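Colleague: After the structure tokens below, expect a handful of questions from me.
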Amino acid sequence: MTLVAASVGDGAAGGCRHLAIIMDGNGRWAKAKRLPRIAGHREGVEAVRRVVEAAPGLGLEMLTLYAFSSENWKRPADEVSDLMGLLHHYVKNEIDTLHKNGVRLDFIGDWQALKPDLVRLLAAARDRTSANTGLRLIMALNYGGQGEIVRAARALATDAAAGLIVPDDITAEMLEARLDTAGLPPPDAVLRTSGELRLSNFLLWQTAYAEFLVTETLWPDFDGPALATALDEFSRRERRFGGR
Ligand code: FPP
């Protein structure tokens, strides 16, 4: 009961403080317009800009975006290179505006394994914005939920082997503290665009009690009003966290 009262407040986002988004449909958007896939991804970046700008006004404190999954490496090399280029471009060009707007940028996933120049840019953007107190923008890069849990399990096993912890004493909190998202509240909701009904290896642990929101809108068409509609849907959900 207490949990329900605490999570469904009467904030502008209907209690949604942390929204995680699976940005899907860039390819279909481009195909429908007979454009190359890169055009869809480029418009996808515009949608990221619109959503980041609209989020604080809708009461969101945290936004986690699934920008590149650990499975996305299976795409053709040209497309992977285009996506990395767009990410580089976005962070390089947007960082001043993000910083001015008080956004704190952070990353989850094995992002340190990306190309060294990109890693340097991302680390500098994270460090520059680390004291900001506005929207927390978390980009999942080279991220996969199963891989993240495996890395946390390895960290626990290493601590156990070193005699720092006892296997029988391992708790959910101890595993959570070794996830990339350690210290962050779990998402209240996961939104997926383009009508697909899959989690696609996104935040598998953290979404245990998240509400699932789906819109038919393709990601490049997504904007502030579409975000407001999704959050309105969230505000009408009754969350029970396994209770009744
Ligand atoms: C899914 O569309 C989207 C992605 C694989 C990546 C999302 C990337 C962006 C929005 C652009 C880069 C982001 C940033 C933050 C700079 P899809 O290609 O799977 O679409 P489809 O299912 O219609 O083919």
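Letters A, B, ... go to the chains of the structure tokens in the order shown; residues in each chain start at 1; ligands are counted from 1 in the same order.
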If the limit is 10 Å from any atom of ligand 1, counting only C-alpha atoms and all ligand atoms, which residues qualify? Return them as number ranges by chain.

Modeller: A: 21-32, 37-49, 65-69, 71-73, 75, 79-80, 82-91, 94, 138-141, 193-196, 218-220

Colleague: For A:Leu156, please output as a PyMOL selection string all residues within 10 Å (counting only C-alpha atoms; exclusion window: fewer than 6 positions along the same chain).

Modeller: chain A and resi 150+162+164-167+170+174-175+177-178

Colleague: Hey, which of A:Pro56, A:Pro76, A:Pro187, A:Gly109 ends up closest to A:Leu227? Count only C-alpha atoms.

Modeller: A:Pro56

Colleague: Using only C-alpha atoms, which of the listed residues (A:Leu35, A:Leu135, A:Leu213, A:Leu118) sits closest to A:His18?

Modeller: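 Using only C-alpha atoms, the shortest distance to A:His18 belongs to A:Leu135.
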
Colleague: If you measure from atom CA of A:Trp111 to atom CA of A:Ser200, what distance in Å do you get, rounded to one decimal?

Modeller: 18.1 Å

Colleague: List every residue of stretch 166-218 of chain A that DSSP, applied to the backbone of this structure, assigns to strand (DSSP E), and report them as a ChimeraX atom specification.

Modeller: /A:189-192,211-214

Colleague: Write out as number ranges by chain the residues lying within 9 Å of A:Ala230, counting only C-alpha atoms and excluding same-chain residues fewer than 5 positions away.

Modeller: A: 191, 213-215, 225, 235

Colleague: Quick check, in Å to one decimal: how far apart do atom CA of A:Ala152 and atom CA of A:Leu179 lie?

Modeller: 5.5 Å

Colleague: As an exercise, work out the distance from atom CA of A:Arg128 to atom CA of A:His99 in Å and give it to one decimal place.

Modeller: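 Distance between the two atoms: 7.7 Å.
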
Colleague: Quick one: residues within 12 Å of A:Ala189, only C-alpha atoms, excluding same-chain residues fewer than 2 positions away - as a PyMOL selection string?

Modeller: chain A and resi 7-8+13-22+60+62-64+185-187+191-192+199+203+206-214+230-235+237+239
